[in-house]
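S.K.: Contents are CSV, C-alpha atoms; file name upload-v4.csv:
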chain,number,residue,atom,x,y,z
A,190,MET,CA,11.3,59.6,-33.2
A,191,GLY,CA,13.9,59.1,-35.9
A,192,GLU,CA,13.6,62.7,-36.9
A,193,ALA,CA,14.0,63.9,-33.4
A,194,LEU,CA,17.3,62.0,-33.0
A,195,GLY,CA,18.5,63.3,-36.4
A,196,ILE,CA,18.3,59.9,-38.0
A,197,ASN,CA,18.3,60.1,-41.8
A,198,PHE,CA,18.1,56.8,-43.7
A,199,THR,CA,19.7,58.3,-46.8
A,200,GLU,CA,22.8,59.1,-44.7
A,201,ILE,CA,22.8,55.6,-43.1
A,202,ILE,CA,22.6,53.9,-46.5
A,203,PHE,CA,25.3,56.3,-47.7
A,204,ALA,CA,27.6,55.4,-44.8
A,205,ILE,CA,27.1,51.7,-45.4
A,206,VAL,CA,27.6,51.9,-49.2
A,207,ASN,CA,30.7,54.1,-48.8
A,208,PHE,CA,32.1,51.7,-46.3
A,209,VAL,CA,31.3,48.6,-48.4
A,210,ILE,CA,33.0,50.2,-51.4
A,211,LEU,CA,36.0,51.1,-49.3
A,212,VAL,CA,36.3,47.6,-47.9
A,213,THR,CA,36.1,46.1,-51.4
A,214,VAL,CA,38.6,48.4,-52.9
A,215,LEU,CA,41.0,48.2,-50.0
A,216,ALA,CA,40.8,44.4,-49.8
A,217,LYS,CA,41.5,44.2,-53.5
A,218,PHE,CA,44.3,46.8,-53.8
A,219,LEU,CA,45.7,47.0,-50.3
A,220,TYR,CA,45.2,44.1,-47.9
A,221,ARG,CA,45.4,41.1,-50.1
A,222,PRO,CA,48.4,42.2,-52.3
A,223,PHE,CA,50.2,43.7,-49.4
A,224,THR,CA,49.8,40.7,-47.2
A,225,GLN,CA,50.8,38.5,-50.0
A,226,MET,CA,53.8,40.8,-50.7
A,227,LEU,CA,54.9,40.7,-47.1
A,228,GLU,CA,54.5,37.0,-47.0
A,229,ASN,CA,56.6,36.7,-50.2
A,230,ARG,CA,59.2,39.0,-48.9
A,231,LYS,CA,59.4,37.1,-45.6
A,232,GLN,CA,59.8,33.9,-47.5
A,233,ALA,CA,62.5,35.4,-49.8
A,234,ILE,CA,64.4,36.7,-46.8
A,235,GLN,CA,64.0,33.3,-45.0
A,236,ASP,CA,65.3,31.6,-48.1
A,237,SER,CA,68.3,33.8,-48.5
A,238,PHE,CA,69.1,33.4,-44.8
A,239,ASP,CA,68.8,29.6,-45.1
A,240,GLN,CA,71.0,29.7,-48.2
A,241,ALA,CA,73.6,31.8,-46.4
A,242,ALA,CA,73.6,29.4,-43.5
A,243,ASP,CA,73.9,26.5,-45.8
A,244,THR,CA,76.8,28.1,-47.6
A,245,ASN,CA,78.5,28.9,-44.4
A,246,LYS,CA,78.1,25.3,-43.2
A,247,ARG,CA,79.5,24.0,-46.4
A,248,ALA,CA,82.5,26.4,-46.2
A,249,ASP,CA,83.1,25.3,-42.6
A,250,GLU,CA,83.1,21.7,-43.7
A,251,LYS,CA,85.5,22.4,-46.5
A,252,MET,CA,87.7,24.4,-44.1
A,253,ASP,CA,87.8,21.4,-41.7
A,254,GLN,CA,88.6,19.1,-44.5
A,255,TYR,CA,91.5,21.3,-45.6
A,256,ASN,CA,92.8,21.7,-42.1
A,257,LYS,CA,92.7,17.9,-41.6
A,258,ARG,CA,94.4,17.4,-44.9
A,259,ILE,CA,97.1,20.0,-44.0
A,260,ALA,CA,97.7,18.3,-40.7
A,261,ASN,CA,98.0,15.0,-42.5
A,262,VAL,CA,100.5,16.4,-44.9
A,263,GLU,CA,102.6,17.7,-42.1
A,264,LEU,CA,102.5,14.3,-40.4
A,265,GLU,CA,103.3,12.6,-43.6
A,266,GLY,CA,106.2,15.0,-44.3
A,267,ARG,CA,107.6,14.4,-40.9
A,268,ASP,CA,107.3,10.6,-41.4
A,269,ILE,CA,109.1,10.9,-44.8
A,270,ILE,CA,111.9,12.9,-43.3
A,271,LYS,CA,112.2,10.5,-40.4
A,272,SER,CA,112.4,7.4,-42.6
A,273,ALA,CA,114.8,9.1,-45.0
A,274,LYS,CA,117.0,10.0,-42.0
A,275,LEU,CA,116.9,6.4,-40.8
A,276,LYS,CA,117.7,5.1,-44.2
A,277,ALA,CA,120.5,7.5,-44.6
A,278,GLU,CA,121.9,6.6,-41.2
A,279,ALA,CA,121.7,2.9,-42.0
A,280,GLN,CA,123.4,3.5,-45.4
A,281,ALA,CA,126.1,5.6,-43.7
A,282,SER,CA,126.9,3.0,-41.2
A,283,ASP,CA,126.9,0.4,-43.9
A,284,ILE,CA,129.4,2.4,-45.9
A,285,ILE,CA,131.5,3.0,-42.8
A,286,ASN,CA,131.5,-0.7,-41.9
A,287,GLU,CA,132.4,-1.6,-45.5
A,288,ALA,CA,135.2,0.9,-45.5
A,289,ASN,CA,136.5,-0.3,-42.2
A,290,ALA,CA,136.5,-3.9,-43.4
A,291,LYS,CA,138.3,-2.9,-46.6
A,292,ALA,CA,140.8,-0.9,-44.7
A,293,THR,CA,141.5,-3.8,-42.3
A,294,GLU,CA,141.9,-6.0,-45.3
A,295,ILE,CA,144.3,-3.6,-47.0
A,296,LYS,CA,146.2,-3.2,-43.8
A,297,LEU,CA,146.5,-6.9,-43.4
A,298,HIS,CA,147.5,-7.3,-46.9
A,299,ALA,CA,150.1,-4.5,-46.6
A,300,GLU,CA,151.4,-6.0,-43.4
A,301,THR,CA,151.9,-9.4,-44.9
A,302,GLU,CA,153.5,-7.8,-47.9
A,303,VAL,CA,155.8,-5.8,-45.7
A,304,GLU,CA,156.7,-9.0,-43.8
A,305,ARG,CA,157.3,-10.8,-47.0
A,306,GLN,CA,159.5,-7.9,-48.4
A,307,LYS,CA,161.3,-7.7,-45.1
A,308,ALA,CA,162.0,-11.4,-45.1
A,309,LYS,CA,163.1,-11.2,-48.8
A,310,ALA,CA,165.3,-8.2,-48.1
A,311,LEU,CA,166.7,-9.9,-45.0
A,312,ALA,CA,167.5,-13.0,-47.1
A,313,GLU,CA,169.1,-10.9,-49.8
A,314,MET,CA,171.0,-8.8,-47.3
A,315,LYS,CA,172.1,-12.0,-45.6
A,316,SER,CA,173.7,-13.3,-48.8
A,317,HIS,CA,175.2,-9.9,-49.6
A,318,VAL,CA,176.6,-9.6,-46.1
A,319,ALA,CA,177.9,-13.1,-46.2
A,320,ALA,CA,179.7,-12.4,-49.4
A,321,MET,CA,181.0,-9.1,-48.0
A,322,ALA,CA,182.0,-10.7,-44.8
A,323,LEU,CA,183.8,-13.4,-46.7
A,324,LEU,CA,185.5,-10.8,-48.8
A,325,ALA,CA,186.5,-8.9,-45.7
A,326,ALA,CA,187.7,-12.1,-44.0
A,327,GLU,CA,189.7,-13.0,-47.0
A,328,LYS,CA,191.3,-9.5,-47.0
A,329,ILE,CA,192.1,-9.8,-43.3
A,330,LEU,CA,193.4,-13.3,-43.5
A,331,GLU,CA,194.9,-12.7,-46.8
A,332,LYS,CA,193.9,-16.1,-47.8
A,333,ASP,CA,191.0,-17.8,-49.1
A,334,LEU,CA,189.0,-19.4,-46.7
A,335,ALA,CA,187.1,-22.3,-47.8
A,336,LEU,CA,183.5,-21.4,-47.7
A,337,GLU,CA,182.7,-24.8,-46.6
A,338,GLY,CA,183.1,-25.4,-42.9
A,339,GLN,CA,183.0,-21.8,-42.2
A,340,GLU,CA,179.1,-21.4,-42.2
A,341,HIS,CA,179.1,-21.3,-38.5
A,342,LEU,CA,181.4,-18.3,-38.5
A,343,ILE,CA,179.5,-16.5,-41.1
A,344,ASP,CA,176.3,-17.1,-39.4
A,345,ASN,CA,177.7,-15.7,-36.3
A,346,ILE,CA,178.8,-12.5,-38.0
A,347,VAL,CA,175.6,-12.1,-39.7
A,348,GLU,CA,173.8,-12.7,-36.5
A,349,GLN,CA,175.8,-10.0,-34.8
A,350,VAL,CA,175.4,-7.5,-37.6
A,351,GLY,CA,171.7,-8.3,-37.8
A,352,ALA,CA,171.4,-7.8,-34.1
A,353,ALA,CA,173.1,-4.5,-34.3
A,354,LYS,CA,171.6,-3.0,-37.5
A,355,TRP,CA,168.4,-4.9,-38.5
A,356,GLN,CA,166.9,-5.0,-35.1
A,357,ASN,CA,164.1,-2.7,-36.2
B,211,MET,CA,26.8,73.1,-56.8
B,212,ILE,CA,27.0,72.0,-53.2
B,213,GLU,CA,23.9,74.0,-52.4
B,214,MET,CA,22.2,72.2,-55.2
B,215,LEU,CA,23.2,68.8,-53.8
B,216,ASN,CA,22.2,69.9,-50.3
B,217,SER,CA,18.7,70.9,-51.7
B,218,MET,CA,18.5,67.4,-53.2
B,219,GLY,CA,19.0,65.9,-49.7
B,220,VAL,CA,22.7,65.2,-50.0
B,221,THR,CA,24.1,66.4,-46.7
B,222,ASN,CA,27.6,67.8,-46.1
B,223,ALA,CA,28.5,64.7,-44.1
B,224,MET,CA,27.7,62.6,-47.1
B,225,ILE,CA,29.8,64.7,-49.4
B,226,THR,CA,32.8,64.6,-47.0
B,227,SER,CA,32.4,60.9,-46.6
B,228,THR,CA,32.4,60.3,-50.3
B,229,VAL,CA,35.4,62.5,-50.8
B,230,ILE,CA,37.3,60.5,-48.1
B,231,THR,CA,36.2,57.2,-49.6
B,232,LEU,CA,37.5,58.4,-53.0
B,233,ILE,CA,40.8,59.6,-51.6
B,234,ILE,CA,41.5,56.4,-49.8
B,235,CYS,CA,40.5,54.3,-52.8
B,236,LEU,CA,42.8,56.3,-55.0
B,237,LEU,CA,45.7,56.0,-52.6
B,238,ALA,CA,45.2,52.3,-52.3
B,239,ILE,CA,45.0,51.8,-56.1
B,240,LEU,CA,48.1,54.0,-56.6
B,241,ALA,CA,50.0,52.1,-53.9
B,242,GLY,CA,48.9,48.6,-54.9
B,243,ARG,CA,49.0,49.0,-58.7
B,244,HIS,CA,52.7,48.3,-59.2
B,245,MET,CA,54.0,46.3,-56.3
B,246,GLU,CA,57.7,45.8,-56.0
B,247,MET,CA,59.7,43.3,-54.0
B,248,ILE,CA,61.8,46.2,-52.6
B,249,PRO,CA,59.2,48.8,-51.7
B,250,SER,CA,59.7,52.6,-51.9
B,251,GLY,CA,57.6,55.7,-51.5
B,252,LEU,CA,53.9,55.2,-51.2
B,253,GLN,CA,54.1,51.4,-51.3
B,254,ASN,CA,56.5,51.5,-48.4
B,255,ALA,CA,54.2,53.8,-46.3
B,256,MET,CA,51.1,51.7,-47.1
B,257,GLU,CA,53.0,48.5,-46.3
B,258,VAL,CA,54.0,49.8,-42.9
B,259,ALA,CA,50.3,50.9,-42.3
B,260,VAL,CA,48.9,47.5,-43.3
B,261,GLU,CA,51.5,45.6,-41.3
B,262,LYS,CA,51.0,47.7,-38.2
B,263,LEU,CA,47.2,47.4,-38.5
B,264,GLY,CA,47.5,43.7,-39.1
B,265,ASP,CA,49.8,43.2,-36.0
B,266,PHE,CA,47.5,45.3,-33.9
B,267,PHE,CA,44.4,43.4,-34.7
B,268,ALA,CA,46.2,40.0,-34.6
B,269,ASP,CA,47.2,40.9,-31.1
B,270,LEU,CA,43.7,41.9,-30.2
B,271,MET,CA,41.6,39.3,-31.9
B,272,GLY,CA,44.1,36.4,-32.1
B,273,GLU,CA,46.2,35.5,-35.1
B,274,TYR,CA,43.5,33.7,-37.0
B,275,ALA,CA,40.6,36.1,-36.7
B,276,GLY,CA,42.9,39.2,-36.8
B,277,ARG,CA,44.4,38.2,-40.1
B,278,LYS,CA,41.3,36.9,-41.7
B,279,TYR,CA,39.0,39.9,-40.8
B,280,LEU,CA,41.7,42.6,-41.1
B,281,PRO,CA,40.2,44.1,-44.3
B,282,PHE,CA,37.0,44.8,-42.3
B,283,VAL,CA,38.3,46.0,-39.0
B,284,GLY,CA,41.4,47.7,-40.6
B,285,THR,CA,39.2,49.6,-43.0
B,286,LEU,CA,36.8,50.5,-40.2
B,287,PHE,CA,39.7,52.1,-38.3
B,288,ILE,CA,41.0,54.0,-41.4
B,289,TYR,CA,37.6,55.2,-42.4
B,290,VAL,CA,36.5,56.3,-38.9
B,291,LEU,CA,39.9,57.9,-38.3
B,292,LEU,CA,39.7,60.0,-41.5
B,293,CYS,CA,36.0,60.9,-40.9
B,294,ASN,CA,37.0,62.1,-37.4
B,295,TYR,CA,40.0,64.0,-38.8
B,296,SER,CA,37.9,65.7,-41.5
B,297,GLY,CA,36.5,67.7,-38.6
B,298,LEU,CA,40.0,69.2,-38.2
B,299,LEU,CA,39.9,70.8,-41.6
B,300,PRO,CA,39.8,74.6,-41.3
B,301,LEU,CA,36.2,75.8,-41.0
B,302,SER,CA,34.8,72.3,-41.0
B,303,GLY,CA,31.1,72.6,-40.3
B,304,GLU,CA,31.2,76.2,-41.5
B,305,LEU,CA,32.0,75.7,-45.2
B,306,PRO,CA,29.4,74.0,-47.3
B,307,GLY,CA,30.3,70.4,-48.1
B,308,VAL,CA,32.7,69.9,-45.2
B,309,GLN,CA,31.5,68.2,-42.0
B,310,ALA,CA,33.0,65.4,-40.1
B,311,PRO,CA,30.7,62.5,-41.1
B,312,THR,CA,31.0,60.9,-37.7
B,313,SER,CA,29.6,64.0,-36.0
B,314,SER,CA,26.3,63.1,-37.6
B,315,ILE,CA,24.6,60.2,-35.8
B,316,ASN,CA,23.8,58.4,-39.1
B,317,PHE,CA,27.3,57.5,-40.0
B,318,PRO,CA,28.2,55.9,-36.7
B,319,LEU,CA,24.8,54.2,-36.8
B,320,GLY,CA,25.4,52.9,-40.3
B,321,LEU,CA,28.8,51.5,-39.4
B,322,ALA,CA,27.5,50.0,-36.1
B,323,LEU,CA,24.7,48.3,-38.0
B,324,LEU,CA,27.2,47.0,-40.5
B,325,VAL,CA,29.4,45.7,-37.6
B,326,PHE,CA,26.3,44.0,-36.0
B,327,PHE,CA,25.3,42.2,-39.2
B,328,PHE,CA,28.9,41.3,-40.0
B,329,VAL,CA,29.3,39.7,-36.5
B,330,GLN,CA,26.2,37.6,-37.2
B,331,PHE,CA,27.6,36.7,-40.6
B,332,VAL,CA,31.0,35.7,-39.1
B,333,GLY,CA,29.4,33.7,-36.3
B,334,ILE,CA,27.2,31.7,-38.7
B,335,LYS,CA,30.1,31.2,-41.1
B,336,GLU,CA,32.6,30.1,-38.5
B,337,THR,CA,30.2,27.7,-36.7
B,338,HIS,CA,28.8,26.4,-39.9
B,339,GLY,CA,25.2,27.5,-39.5
B,340,LEU,CA,22.7,28.6,-36.9
B,341,GLY,CA,24.5,26.7,-34.2
B,342,PHE,CA,26.1,30.0,-33.6
B,343,TYR,CA,23.0,31.2,-31.8
B,344,LYS,CA,23.3,28.5,-29.2
B,345,HIS,CA,25.6,30.9,-27.3
B,346,TYR,CA,22.4,32.9,-26.3
B,347,PHE,CA,21.5,29.9,-24.1
B,348,LYS,CA,24.8,29.5,-22.4
B,349,PRO,CA,25.7,29.2,-19.6
B,350,ILE,CA,22.0,28.9,-18.7
B,351,ALA,CA,18.9,29.2,-20.9
B,352,ALA,CA,17.2,31.6,-18.6
B,353,LEU,CA,19.8,34.2,-19.5
B,354,PHE,CA,18.5,34.3,-23.1
B,355,PRO,CA,16.6,37.6,-22.9
B,356,LEU,CA,19.6,39.3,-21.3
B,357,MET,CA,22.0,37.9,-23.9
B,358,ILE,CA,19.7,39.3,-26.7
B,359,VAL,CA,19.6,42.6,-25.0
B,360,GLU,CA,23.4,42.6,-24.7
B,361,ASP,CA,23.8,41.9,-28.4
B,362,LEU,CA,21.3,44.5,-29.4
B,363,VAL,CA,22.9,47.1,-27.1
B,364,LYS,CA,26.3,46.6,-28.8
B,365,PRO,CA,25.5,48.6,-32.0
B,366,VAL,CA,23.7,51.3,-29.9
B,367,SER,CA,26.7,51.7,-27.7
B,368,LEU,CA,29.0,51.8,-30.6
B,369,THR,CA,26.9,54.5,-32.3
B,370,LEU,CA,26.4,56.6,-29.3
B,371,ARG,CA,30.0,56.5,-28.2
B,372,LEU,CA,31.4,57.6,-31.5
B,373,TYR,CA,28.7,60.1,-32.3
B,374,GLY,CA,28.6,61.6,-28.9
B,375,ASN,CA,32.4,62.0,-28.6
B,376,ILE,CA,32.9,63.5,-32.1
B,377,TYR,CA,29.8,65.6,-32.1
B,378,GLY,CA,30.6,66.9,-28.6
B,379,GLU,CA,34.2,67.7,-29.5
B,380,GLU,CA,33.1,69.4,-32.7
B,381,SER,CA,30.5,71.5,-30.9
B,382,VAL,CA,33.0,72.5,-28.2
B,383,THR,CA,35.6,73.5,-30.7
B,384,HIS,CA,32.9,75.4,-32.6
B,385,VAL,CA,31.8,77.3,-29.5
B,386,PHE,CA,35.4,78.0,-28.5
B,387,PHE,CA,36.1,79.2,-32.0
B,388,GLY,CA,33.2,81.6,-31.7
B,389,MET,CA,34.5,82.9,-28.3
B,390,VAL,CA,38.2,83.2,-29.0
B,391,PRO,CA,39.1,82.8,-32.6
B,392,LEU,CA,42.9,82.6,-31.9
B,393,GLY,CA,44.9,80.4,-29.6
B,394,LEU,CA,42.3,78.4,-27.8
B,395,PRO,CA,40.9,76.6,-31.0
B,396,ILE,CA,44.5,75.5,-31.7
B,397,ILE,CA,44.8,73.8,-28.4
B,398,MET,CA,41.3,72.2,-29.0
B,399,GLN,CA,42.5,71.0,-32.4
B,400,ILE,CA,45.5,69.3,-30.8
B,401,PHE,CA,43.0,67.6,-28.4
B,402,SER,CA,40.9,66.7,-31.4
B,403,VAL,CA,43.8,64.9,-33.0
B,404,LEU,CA,44.1,62.7,-30.0
B,405,MET,CA,40.3,62.3,-29.6
B,406,GLY,CA,39.8,61.3,-33.3
B,407,MET,CA,42.5,58.7,-33.0
B,408,ILE,CA,41.2,57.3,-29.7
B,409,GLN,CA,37.6,57.1,-31.0
B,410,ALA,CA,38.6,55.4,-34.2
B,411,LEU,CA,40.7,53.0,-32.2
B,412,VAL,CA,37.9,52.3,-29.7
B,413,PHE,CA,35.3,51.8,-32.4
B,414,SER,CA,37.4,49.4,-34.5
B,415,LEU,CA,38.7,47.7,-31.4
B,416,LEU,CA,35.2,46.9,-30.1
B,417,ALA,CA,34.2,45.7,-33.5
B,418,GLY,CA,37.3,43.5,-33.6
B,419,ILE,CA,36.5,42.0,-30.2
B,420,TYR,CA,32.9,41.3,-31.2
B,421,ILE,CA,34.1,39.7,-34.4
B,422,ALA,CA,36.8,37.7,-32.6
B,423,GLU,CA,34.1,36.4,-30.2
B,424,ALA,CA,31.9,35.3,-33.1
B,425,ALA,CA,34.9,33.7,-34.8
B,426,GLU,CA,36.0,31.8,-31.7
B,427,HIS,CA,34.8,28.5,-33.0
B,428,GLY,CA,36.7,28.9,-36.3
B,429,ALA,CA,39.8,30.0,-34.5
B,430,GLU,CA,39.7,26.9,-32.3
B,431,GLU,CA,39.3,24.7,-35.4
B,432,HIS,CA,42.2,26.6,-37.0
B,433,GLU,CA,44.3,26.0,-33.9
B,434,HIS,CA,43.5,22.3,-34.0
B,435,LEU,CA,44.4,22.2,-37.7
B,436,LEU,CA,47.7,24.0,-37.0
B,437,GLN,CA,48.6,21.6,-34.2
B,438,ALA,CA,47.7,18.6,-36.3
B,439,GLN,CA,50.0,19.9,-39.0
B,440,HIS,CA,52.9,20.6,-36.7
B,441,GLY,CA,52.4,17.6,-34.4
As structure tokens - that is how I would like this structure written.

M.R.:
Amino acid sequence: MGEALGINFTEIIFAIVNFVILVTVLAKFLYRPFTQMLENRKQAIQDSFDQAADTNKRADEKMDQYNKRIANVELEGRDIIKSAKLKAEAQASDIINEANAKATEIKLHAETEVERQKAKALAEMKSHVAAMALLAAEKILEKDLALEGQEHLIDNIVEQVGAAKWQN
Amino acid sequence: MIEMLNSMGVTNAMITSTVITLIICLLAILAGRHMEMIPSGLQNAMEVAVEKLGDFFADLMGEYAGRKYLPFVGTLFIYVLLCNYSGLLPLSGELPGVQAPTSSINFPLGLALLVFFFVQFVGIKETHGLGFYKHYFKPIAALFPLMIVEDLVKPVSLTLRLYGNIYGEESVTHVFFGMVPLGLPIIMQIFSVLMGMIQALVFSLLAGIYIAEAAEHGAEEHEHLLQAQHG
């Protein structure tokens, strides 16, 4: 029956042996190393992706830190400027106040001095004018007038002169 | 020399099959000898082939069985494909020493028997013993004879499908070639390319399904293990 169907046991054995050899060789040289290689490569790619993601994350963190720091620095700078301005303003007003006080003092001092000098000058002038008036009166009257008893007259003259000339 | 071999009982199909085996082995050794992380040339081509085959059988048989038994079913596909395509060689069947091995009933039969025994082996291995044969009595014991017949029919159907298709196609091409030596045979050859591919695919696909059925138990266990690992 086998013969009629063309069945030949040598060929069957041959087919099986060939195939078994093929499976053995391919498993050893193709499937196992290639599967391993694909797995390794997958792992390597995954690793490098993970690493890149990690690096990116770290860079982002650093960036955030720096941004925060820069914002802080700006704030700090503004604060410093503000406080410096405040200080300077305070200092300026201090200086102005001091100067004003000093100026007032000087003015006061000067005024009193002027008053004093004025009084002194007035007193001097008074005596000079008295002498001159006396001299003039002597010339007019062509006689000596006793100084005593005439103070009222002299005072009167001086008063008049003073009222006219020293008013200011 | 081929006549001498023929007279010693070595058929043309056997010679072609041996040459194919040697060529594939040589290619595999050349490609797999110096593996590099960044592939090029032959390694690249082989990698693509292995990966595509692996994905195909993993889709078909499930991730576990597909990857585990890829060397068997993948080689089955490559071997049957090249055996079919050896019939495309010019004057195949005419020249001494050149005949598509699958167009002789013995090669499909040998491979089908191998698949049959491999399925038994996988079943016994994955279910840890003869418990595998309990499936003959499920869902009801009365179906036992039918299940046996079903299992025994598998290698026969594998054999006859592959042998019949390739033998028929070879014969038709041969007849057409005798009738019109130009033009028509070329169209037939183009059909043969498709046929050879489909038959190789069907053969390895069915083998893969039988193996996946037998490996079901192991795949379930594997699944549990994976879940336990991740959960």

S.K.: What does the structure give for the distance between atom CA of B:Met405 and atom CA of B:Asn375, in Å to one decimal?

M.R.: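 So the two atoms, atom CA of B:Met405 and atom CA of B:Asn375, lie 8.0 Å apart.
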
S.K.: Using only C-alpha atoms, find the residues of chain B whose closest atom to chain A is at most 9 Å away, then write them as a ChimeraX atom specification.

M.R.: /B:219-221,223-224,227-228,231-232,234-235,238-243,245-248,253,256-257,260-261,264,280-282,284-286,289,311,314-321,323-324

S.K.: For the atom pair atom CA of A:Glu304 and atom CA of A:Ala292, what is the interatomic distance in Å to one decimal place?

M.R.: 17.9 Å

S.K.: Using atom CA of A:Lys257 and atom CA of A:Asp239 as the two end points, give the distance in Å to one decimal.

M.R.: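 Separating atom CA of A:Lys257 from atom CA of A:Asp239 is a distance of 26.8 Å.
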
S.K.: Return the single residue from A:Val262, A:Ala312, A:Glu287, A:Gln225 that is closest to A:Val347, with distances computed using all atoms listed in the file.

M.R.: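 Distance minimum relative to A:Val347 lands on A:Ala312.
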
S.K.: Counting only C-alpha atoms, what is within 12 Å of B:His384, bar same-chain residues fewer than 3 positions away, as a PyMOL selection string?

M.R.: chain B and resi 297-298+300-304+309+376-381+387-391+394-396+398-399+402

S.K.: Mind checking which residues fall within 7 Å of stretch 416-419 of chain B, counting only C-alpha atoms, ignoring those fewer than 4 positions away in the same chain, and posting them as a PyMOL selection string?

M.R.: chain B and resi 271+283+325+412+423

S.K.: Contacts of B:Thr337 at 10 Å or less, counting all atoms listed in the file, minus same-chain residues fewer than 2 places along, as a list in words?

M.R.: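 Listed by chain and then number, they are Val332, Gly333, Ile334, Lys335, Gly339, Leu340, Gly341, Phe342, Tyr343, Ala424, Ala425, Glu426, His427, Gly428 and Glu431 of chain B.
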
S.K.: Would you mind exporting C-alpha atoms of the selected residues as a compact mmCIF listing (two decimals), keeping the file's coordinate frame?

M.R.:
# COMPACT_ATOMS: atom_id res chain seq x y z
CA VAL B 332 31.00 35.70 -39.10
CA GLY B 333 29.40 33.70 -36.30
CA ILE B 334 27.20 31.70 -38.70
CA LYS B 335 30.10 31.20 -41.10
CA GLY B 339 25.20 27.50 -39.50
CA LEU B 340 22.70 28.60 -36.90
CA GLY B 341 24.50 26.70 -34.20
CA PHE B 342 26.10 30.00 -33.60
CA TYR B 343 23.00 31.20 -31.80
CA ALA B 424 31.90 35.30 -33.10
CA ALA B 425 34.90 33.70 -34.80
CA GLU B 426 36.00 31.80 -31.70
CA HIS B 427 34.80 28.50 -33.00
CA GLY B 428 36.70 28.90 -36.30
CA GLU B 431 39.30 24.70 -35.40

S.K.: Which of these, A:His298, A:Ile346, A:Lys307, A:Ile270, has the shortest distance to A:Ala325 once you count all atoms listed in the file?

M.R.: A:Ile346

S.K.: Complete stretch 327-331 of chain B with all heavy atoms (output as a JSON list (two decimals), in the frame of the given file).

M.R.:
[["chain", "number", "residue", "atom", "x", "y", "z"],
["B", 327, "PHE", "N", 25.69, 43.24, -38.24],
["B", 327, "PHE", "CA", 25.30, 42.20, -39.20],
["B", 327, "PHE", "C", 26.58, 41.39, -39.61],
["B", 327, "PHE", "O", 26.49, 40.19, -39.84],
["B", 327, "PHE", "CB", 24.66, 42.80, -40.44],
["B", 327, "PHE", "CG", 23.26, 43.24, -40.13],
["B", 327, "PHE", "CD1", 22.90, 44.58, -40.17],
["B", 327, "PHE", "CD2", 22.31, 42.30, -39.75],
["B", 327, "PHE", "CE1", 21.62, 44.98, -39.86],
["B", 327, "PHE", "CE2", 21.01, 42.70, -39.44],
["B", 327, "PHE", "CZ", 20.67, 44.03, -39.49],
["B", 328, "PHE", "N", 27.71, 42.05, -39.64],
["B", 328, "PHE", "CA", 28.90, 41.30, -40.00],
["B", 328, "PHE", "C", 29.26, 40.30, -38.90],
["B", 328, "PHE", "O", 29.70, 39.19, -39.20],
["B", 328, "PHE", "CB", 30.10, 42.32, -40.16],
["B", 328, "PHE", "CG", 31.32, 41.71, -40.76],
["B", 328, "PHE", "CD1", 31.33, 41.35, -42.10],
["B", 328, "PHE", "CD2", 32.47, 41.49, -40.01],
["B", 328, "PHE", "CE1", 32.45, 40.78, -42.67],
["B", 328, "PHE", "CE2", 33.59, 40.93, -40.57],
["B", 328, "PHE", "CZ", 33.58, 40.57, -41.91],
["B", 329, "VAL", "N", 29.02, 40.68, -37.65],
["B", 329, "VAL", "CA", 29.30, 39.70, -36.50],
["B", 329, "VAL", "C", 28.37, 38.52, -36.69],
["B", 329, "VAL", "O", 28.82, 37.38, -36.53],
["B", 329, "VAL", "CB", 29.06, 40.44, -35.18],
["B", 329, "VAL", "CG1", 28.98, 39.41, -34.05],
["B", 329, "VAL", "CG2", 30.17, 41.43, -34.91],
["B", 330, "GLN", "N", 27.09, 38.74, -37.01],
["B", 330, "GLN", "CA", 26.20, 37.60, -37.20],
["B", 330, "GLN", "C", 26.70, 36.72, -38.35],
["B", 330, "GLN", "O", 26.75, 35.50, -38.24],
["B", 330, "GLN", "CB", 24.76, 38.07, -37.57],
["B", 330, "GLN", "CG", 24.20, 39.15, -36.67],
["B", 330, "GLN", "CD", 24.25, 38.76, -35.20],
["B", 330, "GLN", "OE1", 23.87, 37.66, -34.83],
["B", 330, "GLN", "NE2", 24.77, 39.66, -34.36],
["B", 331, "PHE", "N", 27.13, 37.37, -39.43],
["B", 331, "PHE", "CA", 27.60, 36.70, -40.60],
["B", 331, "PHE", "C", 28.85, 35.81, -40.24],
["B", 331, "PHE", "O", 28.93, 34.61, -40.57],
["B", 331, "PHE", "CB", 27.97, 37.68, -41.70],
["B", 331, "PHE", "CG", 28.84, 37.16, -42.80],
["B", 331, "PHE", "CD1", 28.31, 36.30, -43.75],
["B", 331, "PHE", "CD2", 30.17, 37.51, -42.87],
["B", 331, "PHE", "CE1", 29.11, 35.81, -44.77],
["B", 331, "PHE", "CE2", 30.97, 37.02, -43.88],
["B", 331, "PHE", "CZ", 30.44, 36.18, -44.83]]
